[in-house]
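Printed here is upload-v2.tsv (TSV, C-alpha atoms):
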chain	number	residue	atom	x	y	z
I	624	MET	CA	105.57	135.87	146.83
I	625	THR	CA	103.64	134.68	149.90
I	626	ILE	CA	99.92	134.76	150.60
I	627	SER	CA	98.77	137.73	152.72
I	628	GLN	CA	97.20	137.17	156.13
I	629	SER	CA	93.87	138.58	154.94
I	630	SER	CA	93.79	136.27	151.91
I	631	PHE	CA	94.71	133.28	154.08
I	632	ALA	CA	91.96	134.21	156.55
I	633	PHE	CA	89.40	134.47	153.74
I	634	VAL	CA	90.35	131.07	152.30
I	635	SER	CA	90.50	129.28	155.65
I	636	ASP	CA	87.06	130.77	156.58
I	637	LEU	CA	85.64	129.62	153.26
I	638	VAL	CA	86.96	126.06	153.65
I	639	ARG	CA	85.83	125.85	157.27
I	640	ARG	CA	82.35	127.14	156.41
I	641	GLU	CA	81.85	124.78	153.46
I	642	THR	CA	83.58	121.62	154.68
I	643	ALA	CA	84.37	122.19	158.41
I	644	MET	CA	88.00	121.41	157.63
I	645	LEU	CA	90.51	123.52	159.56
I	646	TYR	CA	93.41	125.36	158.00
I	647	ASP	CA	95.07	126.96	161.02
I	648	PRO	CA	97.76	129.68	160.89
I	649	GLY	CA	101.01	127.97	159.94
I	650	LYS	CA	99.41	126.29	156.90
I	651	GLU	CA	99.86	129.35	154.67
I	652	TYR	CA	102.49	127.54	152.60
I	653	LEU	CA	100.07	124.70	151.89
I	654	VAL	CA	97.22	127.01	150.85
I	655	GLU	CA	99.56	128.98	148.62
I	656	ALA	CA	100.98	125.84	146.99
I	657	ARG	CA	97.50	124.48	146.25
I	658	LEU	CA	96.10	127.82	144.97
I	659	LEU	CA	99.03	128.95	142.83
I	660	PRO	CA	98.17	126.63	139.90
I	661	LEU	CA	94.54	127.84	140.03
I	662	ALA	CA	95.67	131.48	140.09
I	663	ARG	CA	97.82	130.91	137.01
I	664	GLU	CA	95.00	129.10	135.24
I	665	ALA	CA	92.66	132.02	135.97
I	666	GLY	CA	95.20	134.52	134.63
I	667	CYS	CA	95.89	136.16	137.99
I	668	ALA	CA	99.31	137.62	138.74
I	669	ASP	CA	99.51	136.06	142.19
I	670	VAL	CA	97.54	134.19	144.82
I	671	ASP	CA	96.30	137.37	146.54
I	672	SER	CA	94.68	138.71	143.37
I	673	TYR	CA	93.15	135.26	142.81
I	674	VAL	CA	91.68	135.31	146.33
I	675	ALA	CA	90.22	138.77	145.57
I	676	LYS	CA	88.49	137.21	142.56
I	677	LEU	CA	87.00	134.52	144.84
I	678	GLN	CA	84.94	137.16	146.66
I	679	THR	CA	82.53	137.23	143.70
I	680	ASP	CA	83.32	134.19	141.58
I	681	HIS	CA	81.50	131.15	142.99
I	682	GLY	CA	82.73	128.85	140.22
I	683	GLU	CA	86.31	129.50	141.29
I	684	ARG	CA	85.34	128.89	144.93
I	685	ALA	CA	84.34	125.32	144.03
I	686	LYS	CA	87.78	124.79	142.49
I	687	VAL	CA	89.44	126.09	145.66
I	688	LEU	CA	87.44	123.70	147.82
I	689	ASP	CA	88.46	120.88	145.50
I	690	ALA	CA	92.13	121.84	145.70
I	691	LEU	CA	92.17	122.19	149.48
I	692	THR	CA	90.35	118.97	150.36
I	693	ILE	CA	92.73	116.63	148.56
I	694	ASN	CA	94.88	114.41	150.75
I	695	GLU	CA	98.15	112.77	149.88
I	696	THR	CA	97.66	109.09	149.44
I	697	SER	CA	99.42	105.95	148.31
I	698	TRP	CA	98.66	102.28	147.69
I	699	PHE	CA	98.41	100.21	150.87
I	700	ARG	CA	99.24	103.38	152.84
I	701	ASP	CA	100.99	102.50	156.13
I	702	ASN	CA	100.71	98.76	155.31
I	703	ALA	CA	99.72	97.61	158.84
I	704	PRO	CA	95.99	98.54	158.48
I	705	TYR	CA	95.80	96.33	155.39
I	706	GLN	CA	97.53	93.52	157.28
I	707	ALA	CA	94.82	93.88	159.95
I	708	PHE	CA	92.20	93.83	157.18
I	709	THR	CA	93.35	90.46	155.79
I	710	ASP	CA	94.43	88.88	159.10
I	711	VAL	CA	91.61	89.99	161.42
I	712	MET	CA	88.65	91.76	159.84
I	713	LEU	CA	88.16	89.69	156.71
I	714	PRO	CA	88.38	86.22	158.34
I	715	GLU	CA	85.86	87.25	160.99
I	716	MET	CA	83.50	88.79	158.45
I	717	ILE	CA	83.73	85.73	156.19
I	718	GLU	CA	82.53	83.66	159.14
I	719	ALA	CA	79.85	86.13	160.23
I	720	ARG	CA	78.47	86.81	156.73
I	721	ALA	CA	78.44	83.18	155.50
I	722	HIS	CA	74.65	83.41	155.13
I	723	VAL	CA	74.75	86.35	152.69
I	724	ARG	CA	78.22	85.80	151.19
I	725	HIS	CA	78.57	89.55	150.75
I	726	ILE	CA	80.73	92.17	152.44
I	727	SER	CA	80.04	95.90	152.40
I	728	ILE	CA	82.89	98.35	152.89
I	729	TRP	CA	83.09	102.14	153.07
I	730	SER	CA	86.23	104.04	152.11
I	731	ALA	CA	85.43	107.49	153.52
I	732	ALA	CA	87.35	110.55	152.29
I	733	CYS	CA	88.71	108.33	149.54
I	734	SER	CA	90.69	111.04	147.72
I	735	SER	CA	91.92	109.60	144.40
I	736	GLY	CA	90.86	106.06	145.31
I	737	GLN	CA	94.08	104.22	146.16
I	738	GLU	CA	92.60	103.01	149.46
I	739	ALA	CA	89.40	101.70	147.81
I	740	TYR	CA	91.31	99.90	145.06
I	741	SER	CA	93.92	98.54	147.52
I	742	LEU	CA	91.02	96.98	149.47
I	743	ALA	CA	89.50	95.69	146.21
I	744	MET	CA	92.80	93.93	145.37
I	745	LEU	CA	92.87	92.25	148.78
I	746	LEU	CA	89.22	91.19	148.43
I	747	ASP	CA	90.01	89.72	145.02
I	748	GLN	CA	92.81	87.70	146.59
I	749	HIS	CA	91.13	86.65	149.85
I	750	LEU	CA	87.35	86.41	149.37
I	751	PRO	CA	86.14	82.83	148.93
I	752	SER	CA	84.73	81.87	145.55
I	753	GLY	CA	81.07	82.85	145.11
I	754	TRP	CA	81.28	85.84	147.45
I	755	THR	CA	80.68	89.42	146.42
I	756	ALA	CA	81.87	92.71	147.88
I	757	GLN	CA	80.96	96.33	147.38
I	758	ILE	CA	83.22	99.21	148.33
I	759	LEU	CA	81.58	102.63	148.56
I	760	ALA	CA	84.21	105.32	147.98
I	761	THR	CA	83.08	108.79	149.09
I	762	ASP	CA	84.74	112.18	149.05
I	763	VAL	CA	83.73	115.81	149.26
I	764	SER	CA	85.54	116.51	145.99
I	765	PRO	CA	83.69	115.62	142.74
I	766	LYS	CA	87.01	115.95	140.92
I	767	MET	CA	88.50	113.20	143.06
I	768	LEU	CA	85.46	110.96	142.56
I	769	ALA	CA	85.79	111.35	138.80
I	770	ARG	CA	89.38	110.15	139.14
I	771	VAL	CA	88.25	107.11	141.14
I	772	ASP	CA	85.65	106.27	138.48
I	773	ALA	CA	88.27	106.61	135.73
I	774	GLY	CA	90.71	104.45	137.74
I	775	ARG	CA	93.71	106.00	136.00
I	776	TYR	CA	96.97	106.79	137.75
I	777	SER	CA	100.22	108.43	136.74
I	778	GLN	CA	103.53	106.62	136.80
I	779	VAL	CA	104.62	108.54	139.91
I	780	GLU	CA	101.42	107.49	141.70
I	781	MET	CA	101.87	103.87	140.64
I	782	ASN	CA	105.31	103.75	142.26
I	783	ARG	CA	103.91	104.66	145.69
I	784	GLY	CA	103.58	101.43	147.63
I	785	LEU	CA	102.02	99.20	144.96
I	786	PRO	CA	103.75	95.81	144.76
I	787	ALA	CA	104.94	95.09	141.20
I	788	THR	CA	103.04	91.79	141.24
I	789	SER	CA	99.78	93.71	141.85
I	790	LEU	CA	100.64	96.24	139.15
I	791	VAL	CA	100.95	93.56	136.47
I	792	ARG	CA	97.89	91.68	137.75
I	793	TYR	CA	95.41	94.52	138.09
I	794	PHE	CA	96.56	97.33	135.75
I	795	THR	CA	97.07	97.91	132.06
I	796	ARG	CA	98.88	100.74	130.33
I	797	ALA	CA	96.69	103.59	129.06
I	798	GLY	CA	99.00	106.00	127.27
I	799	SER	CA	101.32	107.50	129.87
I	800	GLU	CA	99.04	106.31	132.67
I	801	TRP	CA	97.92	102.98	134.13
I	802	GLU	CA	94.28	101.93	134.34
I	803	VAL	CA	92.79	99.62	136.95
I	804	SER	CA	91.04	96.47	135.72
I	805	ASP	CA	87.30	96.37	135.09
I	806	ASP	CA	86.92	93.65	137.73
I	807	LEU	CA	88.21	95.97	140.44
I	808	LYS	CA	86.23	98.92	139.08
I	809	LYS	CA	83.03	96.87	139.37
I	810	MET	CA	83.72	96.42	143.08
I	811	VAL	CA	84.04	100.18	143.73
I	812	ARG	CA	81.12	102.62	143.60
I	813	THR	CA	81.54	106.35	144.20
I	814	GLN	CA	79.25	108.88	145.86
I	815	PRO	CA	79.80	112.51	146.87
I	816	LEU	CA	79.68	112.88	150.64
I	817	ASN	CA	80.61	115.71	152.98
I	818	LEU	CA	81.43	114.18	156.36
I	819	SER	CA	80.56	117.41	158.17
I	820	THR	CA	76.95	117.57	156.97
I	821	PRO	CA	74.07	115.10	157.54
I	822	PHE	CA	74.82	111.84	155.73
I	823	PRO	CA	72.69	110.86	152.73
I	824	LEU	CA	70.97	107.48	152.61
I	825	LEU	CA	73.72	104.87	153.06
I	826	PRO	CA	73.82	101.09	153.27
I	827	THR	CA	74.97	99.37	156.47
I	828	PHE	CA	78.70	98.74	156.35
I	829	ASP	CA	80.67	95.78	157.68
I	830	ILE	CA	83.99	97.60	157.54
I	831	VAL	CA	84.67	101.35	157.49
I	832	PHE	CA	88.04	102.87	156.61
I	833	ILE	CA	87.95	106.54	157.63
I	834	ARG	CA	91.63	107.32	157.89
I	835	ASN	CA	93.60	110.55	158.17
I	836	VAL	CA	90.58	112.81	157.80
I	837	LEU	CA	89.31	113.41	161.36
I	838	ILE	CA	92.54	115.32	162.02
I	839	TYR	CA	91.17	118.13	159.84
I	840	PHE	CA	88.09	118.69	162.03
I	841	ASP	CA	87.56	120.26	165.45
I	842	MET	CA	86.60	118.12	168.45
I	843	GLU	CA	82.86	118.72	168.18
I	844	MET	CA	82.80	117.78	164.50
I	845	LYS	CA	84.95	114.69	165.14
I	846	ARG	CA	82.38	113.49	167.70
I	847	ASP	CA	79.54	114.21	165.30
I	848	ILE	CA	81.21	112.25	162.47
I	849	LEU	CA	81.98	109.28	164.75
I	850	ARG	CA	78.36	109.27	165.94
I	851	LYS	CA	77.08	109.26	162.36
I	852	VAL	CA	79.48	106.45	161.38
I	853	HIS	CA	78.25	104.48	164.40
I	854	GLN	CA	74.75	104.60	162.91
I	855	VAL	CA	75.76	103.11	159.56
I	856	ILE	CA	78.14	100.39	160.78
I	857	SER	CA	76.81	96.90	161.49
I	858	PRO	CA	76.79	95.82	165.17
I	859	ASP	CA	79.74	93.49	164.62
I	860	GLY	CA	81.51	95.78	162.17
I	861	PHE	CA	85.02	97.23	162.17
I	862	MET	CA	86.19	100.83	161.85
I	863	LEU	CA	89.74	101.90	161.11
I	864	LEU	CA	91.07	105.41	161.76
I	865	GLY	CA	94.43	106.94	160.84
I	866	SER	CA	97.53	106.24	162.95
I	867	SER	CA	97.26	109.54	164.85
I	868	GLU	CA	93.48	109.37	165.31
I	869	THR	CA	91.49	107.74	168.12
I	870	THR	CA	88.02	107.52	169.65
I	871	LEU	CA	89.63	107.54	173.11
I	872	ASP	CA	88.20	110.29	175.37
I	873	MET	CA	86.04	111.40	172.47
I	874	ASP	CA	83.22	108.94	171.94
I	875	ASP	CA	82.44	106.08	174.35
I	876	HIS	CA	80.26	104.28	171.81
I	877	TRP	CA	83.36	102.55	170.42
I	878	GLY	CA	85.46	99.72	171.76
I	879	ARG	CA	89.09	99.35	170.78
I	880	GLU	CA	91.11	96.23	169.96
I	881	ALA	CA	94.86	96.31	169.32
I	882	HIS	CA	96.22	94.19	166.49
I	883	GLY	CA	99.95	94.77	166.23
I	884	ARG	CA	100.44	98.46	165.60
I	885	VAL	CA	96.82	98.98	164.57
I	886	GLN	CA	93.85	99.99	166.72
I	887	ILE	CA	90.60	98.53	165.41
I	888	HIS	CA	87.41	100.23	166.58
I	889	ARG	CA	84.12	98.38	167.01
I	890	PRO	CA	80.65	99.56	168.05
I	891	ALA	CA	80.48	99.18	171.84
I	892	GLY	CA	77.78	97.17	173.60
I	893	LYS	CA	77.23	94.94	170.57
I	894	PRO	CA	78.73	91.57	169.55
I	895	THR	CA	82.41	92.10	168.77
I	896	THR	CA	83.65	88.58	168.04
I	897	ASN	CA	82.22	85.41	166.57
I	898	THR	CA	78.65	86.54	166.06
I	899	PRO	CA	76.45	83.54	167.05
I	900	PRO	CA	74.83	81.87	164.02
I	901	ALA	CA	71.35	82.86	165.21
I	902	ALA	CA	72.29	86.50	165.48
I	903	ALA	CA	74.18	86.36	162.20
I	904	ALA	CA	71.22	84.79	160.43
I	905	ALA	CA	68.97	87.55	161.76
I	906	TRP	CA	71.19	90.21	160.26
I	907	GLN	CA	70.20	91.39	156.82
I	908	PRO	CA	71.65	94.17	154.70
I	909	THR	CA	69.68	97.33	155.36
I	910	THR	CA	69.77	100.96	154.47
I	911	THR	CA	69.76	103.65	157.09
I	912	ALA	CA	68.51	107.20	156.73
I	913	LEU	CA	70.32	109.71	158.87
I	914	THR	CA	69.45	113.20	159.81
I	915	GLY	CA	72.79	114.01	161.41
I	916	ALA	CA	70.88	115.77	164.15
O	79	MET	CA	123.66	96.55	155.01
O	80	TYR	CA	125.00	97.18	151.50
O	81	ALA	CA	123.06	98.33	148.45
O	82	LEU	CA	124.66	97.85	145.02
O	83	ILE	CA	123.50	100.59	142.64
O	84	ILE	CA	123.75	99.53	139.00
O	85	ASP	CA	123.11	102.28	136.46
O	86	ASP	CA	125.12	103.70	133.57
O	87	SER	CA	124.06	107.24	134.50
O	88	ARG	CA	126.36	108.77	137.08
O	89	ALA	CA	123.64	111.30	137.99
O	90	MET	CA	121.10	108.53	138.62
O	91	ARG	CA	123.61	106.60	140.74
O	92	SER	CA	124.17	109.74	142.77
O	93	ILE	CA	120.40	110.27	143.30
O	94	LEU	CA	119.87	106.65	144.36
O	95	ARG	CA	122.98	106.75	146.57
O	96	ARG	CA	121.57	109.71	148.51
O	97	ILE	CA	118.17	108.04	148.91
O	98	VAL	CA	119.39	104.66	150.16
O	99	THR	CA	122.10	106.20	152.33
O	100	ASP	CA	119.36	108.17	154.10
O	101	LEU	CA	117.55	104.87	154.60
O	102	GLY	CA	120.57	103.36	156.37
O	103	PHE	CA	122.44	101.54	153.59
O	104	GLU	CA	126.11	101.67	152.70
O	105	THR	CA	126.56	101.67	148.95
O	106	LEU	CA	128.56	100.09	146.15
O	107	GLU	CA	128.19	101.20	142.53
O	108	ALA	CA	128.48	99.69	139.08
O	109	ALA	CA	128.01	101.28	135.63
O	110	ASP	CA	126.72	98.07	133.99
O	111	GLY	CA	125.66	94.50	134.77
O	112	GLN	CA	129.13	93.05	134.19
O	113	GLN	CA	130.77	95.45	136.67
O	114	ALA	CA	128.07	94.49	139.15
O	115	LEU	CA	128.74	90.76	138.62
O	116	ASP	CA	132.44	91.47	139.15
O	117	HIS	CA	131.61	92.93	142.60
O	118	LEU	CA	129.66	89.78	143.48
O	119	ASN	CA	132.35	87.40	142.16
O	120	GLU	CA	134.94	89.25	144.23
O	121	GLY	CA	132.92	88.61	147.38
O	122	ARG	CA	131.19	91.97	147.73
O	123	VAL	CA	127.67	90.55	148.06
O	124	PRO	CA	125.06	93.19	148.91
O	125	THR	CA	121.67	92.87	150.63
O	126	LEU	CA	120.00	94.84	147.85
O	127	CYS	CA	120.64	95.59	144.17
O	128	LEU	CA	118.97	98.57	142.45
O	129	ILE	CA	119.16	97.74	138.76
O	130	ASP	CA	118.68	99.81	135.62
O	131	TRP	CA	117.49	97.84	132.57
O	132	ASN	CA	119.23	99.46	129.60
O	133	MET	CA	122.99	99.61	130.07
O	134	PRO	CA	126.02	98.95	127.84
O	135	VAL	CA	128.08	95.70	128.15
O	136	MET	CA	125.43	93.83	130.18
O	137	ASP	CA	121.83	94.96	130.69
O	138	GLY	CA	119.91	94.69	133.93
O	139	TYR	CA	117.72	91.80	132.81
O	140	THR	CA	120.78	89.68	131.95
O	141	PHE	CA	122.34	90.62	135.29
O	142	ILE	CA	119.24	89.33	137.11
O	143	THR	CA	119.29	86.00	135.24
O	144	ASN	CA	122.99	85.61	136.13
O	145	VAL	CA	122.36	86.32	139.81
O	146	ARG	CA	119.41	83.93	139.95
O	147	ALA	CA	121.52	81.19	138.32
O	148	ASN	CA	123.86	81.16	141.33
O	149	PRO	CA	122.29	79.67	144.51
O	150	GLU	CA	124.91	81.40	146.66
O	151	TRP	CA	123.31	84.73	145.78
O	152	ARG	CA	119.71	83.71	146.43
O	153	ASP	CA	119.36	86.02	149.44
O	154	ILE	CA	120.06	89.18	147.45
O	155	THR	CA	116.98	91.36	146.99
O	156	LEU	CA	116.73	92.57	143.39
O	157	MET	CA	114.80	95.73	142.48
O	158	MET	CA	114.62	97.13	138.96
O	159	VAL	CA	114.74	100.94	138.72
O	160	THR	CA	114.22	101.75	135.07
O	161	THR	CA	112.42	103.73	132.38
O	162	GLU	CA	111.20	100.44	130.88
O	163	SER	CA	107.47	100.68	131.58
O	164	GLU	CA	105.81	98.17	129.28
O	165	HIS	CA	103.56	95.70	131.05
O	166	GLY	CA	105.30	92.75	129.38
O	167	GLN	CA	108.75	93.92	130.44
O	168	ILE	CA	107.68	94.15	134.09
O	169	VAL	CA	106.25	90.62	133.93
O	170	ARG	CA	109.51	89.42	132.33
O	171	ALA	CA	111.69	90.97	135.03
O	172	LEU	CA	109.55	89.51	137.83
O	173	ALA	CA	109.57	86.08	136.18
O	174	ALA	CA	113.38	86.25	135.92
O	175	GLY	CA	113.63	86.84	139.67
O	176	ALA	CA	113.28	90.57	140.37
O	177	HIS	CA	111.47	91.17	143.67
O	178	GLU	CA	110.26	94.67	142.91
O	179	TYR	CA	110.06	97.18	140.10
O	180	VAL	CA	110.21	100.98	140.17
O	181	ILE	CA	109.61	102.96	137.01
O	182	LYS	CA	111.46	106.24	136.44
O	183	PRO	CA	110.59	108.97	137.24
O	184	PHE	CA	110.18	108.26	140.93
O	185	THR	CA	110.20	110.15	144.21
O	186	PRO	CA	112.47	109.24	147.15
O	187	ASP	CA	109.32	108.12	149.00
O	188	ALA	CA	108.62	105.57	146.26
O	189	ILE	CA	111.98	103.87	146.90
O	190	ALA	CA	111.34	103.93	150.66
O	191	ASP	CA	107.81	102.49	150.15
O	192	LYS	CA	109.15	99.61	148.08
O	193	LEU	CA	111.98	98.81	150.49
O	194	GLU	CA	109.42	98.80	153.30
O	195	LEU	CA	107.29	96.34	151.30
O	196	LEU	CA	110.39	94.15	150.96
O	197	GLY	CA	111.04	94.33	154.70
O	198	LEU	CA	114.38	96.07	154.25
O	199	VAL	CA	113.31	99.38	155.82
O	200	ALA	CA	111.25	99.75	158.97
O	201	LYS	CA	108.33	102.16	158.92
O	202	ALA	CA	109.30	105.26	160.89
O	203	VAL	CA	105.76	106.21	161.95
O	204	PRO	CA	103.56	103.61	163.67
O	205	ALA	CA	100.42	102.84	161.68
Just give me the structure as structure tokens.
Amino acid sequence: MTISQSSFAFVSDLVRRETAMLYDPGKEYLVEARLLPLAREAGCADVDSYVAKLQTDHGERAKVLDALTINETSWFRDNAPYQAFTDVMLPEMIEARAHVRHISIWSAACSSGQEAYSLAMLLDQHLPSGWTAQILATDVSPKMLARVDAGRYSQVEMNRGLPATSLVRYFTRAGSEWEVSDDLKKMVRTQPLNLSTPFPLLPTFDIVFIRNVLIYFDMEMKRDILRKVHQVISPDGFMLLGSSETTLDMDDHWGREAHGRVQIHRPAGKPTTNTPPAAAAAWQPTTTALTGA
Amino acid sequence: MYALIIDDSRAMRSILRRIVTDLGFETLEAADGQQALDHLNEGRVPTLCLIDWNMPVMDGYTFITNVRANPEWRDITLMMVTTESEHGQIVRALAAGAHEYVIKPFTPDAIADKLELLGLVAKAVPA
């Protein structure tokens, strides 16, 4: 059984309208795979009859949006960005933020939280004593944010890229799952956030990880998201995109620095290295209200 | 590059053989820790051992302690692949000299991820 073209069109329109994420023709298999469990749960014979139900059932629509905005993820995904985090971003931020001894990080489109907790593990290992850090993990899916708050992962998820030494250090068994330690949980705060709509009130971030999510948006929306991120990142901050994503030819408010295989993006026209002590001392954590206009 | 697959389940050896062969390894197999030690003593020293814990004759933990007792085998990378999932058991295996630990069930990607962490497999897609 495959999803009909009309059902696929309805679902892709719905997702685009609500989240601006694109499901182009060719992704029918993905939509069908994600909706089939929901169709069964709702007692529908197949995906097409489930999509017919969506025309009137708004509760089910929320479930569909949840199911179609989940990304695959793993611990320390792609490795090199985390190497850049510990080798480049963190040392520079530790120097630049010596006056506040606090680092603020945003894990955007955090999915089930492996990125946020991977960063929390590295902060635990590399932040000097007496420093604090806060990681804001945001996602459009409340279901995913609940998973991040719970900090529980299946055995299959635990096997994906997590070094065994980190498993025994930061996790305990919880039935058939593993639960992240309270110390790491305290570092991570969650908040619902739809990247395609005006941002809510956000703190200023020193480091933003917004990886493998821009690929789902059209060019205009990508520019809009990058512009909004530019407004909430500190002048000497760092932004990391996914391996196939770039600001090149899209937004000239970002400078790019290559570190090994990783491109690090920084707000252009502002201090990018070794913030002078005077400028650093002048910087204070702030909150920024955005209209997204 | 050789991988020695040590598991008393023929089916599991076959699954692991397919995975590591796809990742560029040639393979040797053993049905228990003693057979695996025999390979090593006869000069067939692999780059990597994938080791089940619970096996007849000699278990995987004992195999690891034997390998780590011989300095000539210090360059072998040891990775447990087992249903043993208690926190204390993982700590014990790492303390005995295992480099990594995969708990069954696993996906082929999980093996590739771990071998990448260990520097034995290069990442195919630039990050």
Show me, as a tab-separated table, the residues of chain O having an atom within 10 Å of chain I, each with the closest atom pair and its distance in Å, using only C-alpha atoms.
residue	atom	partner	partner_atom	distance
O:Met157	CA	I:Ala787	CA	10.0
O:Ser163	CA	I:Arg796	CA	8.7
O:Glu164	CA	I:Arg796	CA	7.5
O:His165	CA	I:Val791	CA	6.4
O:Gly166	CA	I:Val791	CA	8.4
O:Gln167	CA	I:Val791	CA	9.9
O:Ile168	CA	I:Val791	CA	7.2
O:Val169	CA	I:Val791	CA	6.6
O:Leu172	CA	I:Thr788	CA	7.7
O:Ala176	CA	I:Ala787	CA	9.5
O:His177	CA	I:Ala787	CA	8.0
O:Glu178	CA	I:Ala787	CA	5.6
O:Tyr179	CA	I:Ala787	CA	5.6
O:Val180	CA	I:Asn782	CA	6.0
O:Ile181	CA	I:Asn782	CA	6.8
O:Lys182	CA	I:Gln778	CA	7.9
O:Pro183	CA	I:Val779	CA	6.6
O:Phe184	CA	I:Val779	CA	5.7
O:Thr185	CA	I:Val779	CA	7.2
O:Pro186	CA	I:Arg783	CA	9.8
O:Asp187	CA	I:Arg783	CA	7.2
O:Ala188	CA	I:Arg783	CA	4.8
O:Ile189	CA	I:Asn782	CA	8.1
O:Ala190	CA	I:Gly784	CA	8.7
O:Asp191	CA	I:Gly784	CA	5.0
O:Lys192	CA	I:Gly784	CA	5.9
O:Leu193	CA	I:Gly784	CA	9.3
O:Glu194	CA	I:Gly784	CA	8.6
O:Leu195	CA	I:Gly784	CA	7.3
O:Leu196	CA	I:Pro786	CA	9.2
O:Lys201	CA	I:Asp701	CA	7.9
O:Ala202	CA	I:Asp701	CA	10.0
O:Val203	CA	I:Ser866	CA	8.3
O:Pro204	CA	I:Arg884	CA	6.3
O:Ala205	CA	I:Ser866	CA	4.6
Neighbouring residues of stretch 130-135 of chain O were defined as those with any atom within 6 Å, considering all atoms listed in the file; residues of the same chain fewer than 2 positions away were excluded. Please report them as a list of chain:residue names. O:Asp85, O:Asp86, O:Asp110, O:Asp137, O:Gly138, O:Met158, O:Val159, O:Thr160
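Each of I:Gly649, I:Ala891, I:Pro660, I:Val687 was checked against I:Leu637 using all atoms listed in the file; the smallest atom-to-atom distance is that of I:Val687.
For the pair atom CA of I:Glu738 and atom CA of I:Leu863, the separation is 12.0 Å.
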Counting only C-alpha atoms, what is within 7 Å of I:Leu768, bar same-chain residues fewer than 6 positions away, as JSON, numbers by chain? {"I": [735, 762, 813]}
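Atom to atom, atom CA of I:Leu837 and atom CA of I:Thr709 stand 24.0 Å apart.
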Could you tell me which of O:Thr161, O:Ser92, O:Thr105, O:Gln112 comes closest to O:Thr140 if we count all atoms listed in the file? O:Gln112
Restricting to only C-alpha atoms, whichever of I:Val831, I:Lys766, I:His749, I:Ala643 is closest to I:Asp847 is I:Ala643
Just to confirm, what's the straight-line distance from atom CA of O:Glu150 to atom CA of O:Gly102 in Å (one decimal)? 24.4 Å
Which residues are close to I:Val674, i.e. within 8 Å by all atoms listed in the file, leaving aside same-chain residues fewer than 6 positions away? Reply as a ChimeraX atom specification. /I:630,633-634
Excluding same-chain residues fewer than 4 positions from I:Leu658, what lies within 12 Å of it counting only C-alpha atoms, as a ChimeraX atom specification? /I:625-626,630-631,634,651-654,662-665,667,669-674,677,683-684,686-692
Quick one: residues within 7 Å of O:Pro124, all atoms listed in the file counted, chain neighbours fewer than 5 positions away excluded, as a ChimeraX atom specification? /O:80-82,154
Within 6 Å of (74.9, 107.3, 157.9) in the file's own coordinates, which protein, DNA or RNA residues have an atom, counting all atoms listed in the file? List them as a count of residues only. 7
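The smallest atom-to-atom distance between I:Leu849 and any of I:Thr827, I:Ser635, I:Ser819, I:Thr755, using only C-alpha atoms, is found for I:Ser819.
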Distance query 10 Å from (79.6, 111.7, 165.5) using only C-alpha atoms, result as a short mmCIF file (atom, residue, chain, number, x, y, z; two decimals) with C-alpha atoms, in the frame of the given file:
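Below is the file result20.cif, written as the result:
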data_model
loop_
_atom_site.label_atom_id
_atom_site.label_comp_id
_atom_site.auth_asym_id
_atom_site.auth_seq_id
_atom_site.Cartn_x
_atom_site.Cartn_y
_atom_site.Cartn_z
CA LEU I 818 81.43 114.18 156.36
CA SER I 819 80.56 117.41 158.17
CA MET I 842 86.60 118.12 168.45
CA GLU I 843 82.86 118.72 168.18
CA MET I 844 82.80 117.78 164.50
CA LYS I 845 84.95 114.69 165.14
CA ARG I 846 82.38 113.49 167.70
CA ASP I 847 79.54 114.21 165.30
CA ILE I 848 81.21 112.25 162.47
CA LEU I 849 81.98 109.28 164.75
CA ARG I 850 78.36 109.27 165.94
CA LYS I 851 77.08 109.26 162.36
CA VAL I 852 79.48 106.45 161.38
CA HIS I 853 78.25 104.48 164.40
CA GLN I 854 74.75 104.60 162.91
CA MET I 873 86.04 111.40 172.47
CA ASP I 874 83.22 108.94 171.94
CA HIS I 876 80.26 104.28 171.81
CA GLY I 915 72.79 114.01 161.41
CA ALA I 916 70.88 115.77 164.15
#
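Proximity of O:Asp116, O:Glu107, O:Asp153, O:Glu162 to O:Ser87, computed with all atoms listed in the file, is greatest for O:Glu107.
Compared by their closest atoms to I:Phe828, and using only C-alpha atoms, the residues I:Asp859, I:Glu641, I:Glu802, I:Asp875 rank with I:Asp859 nearest.
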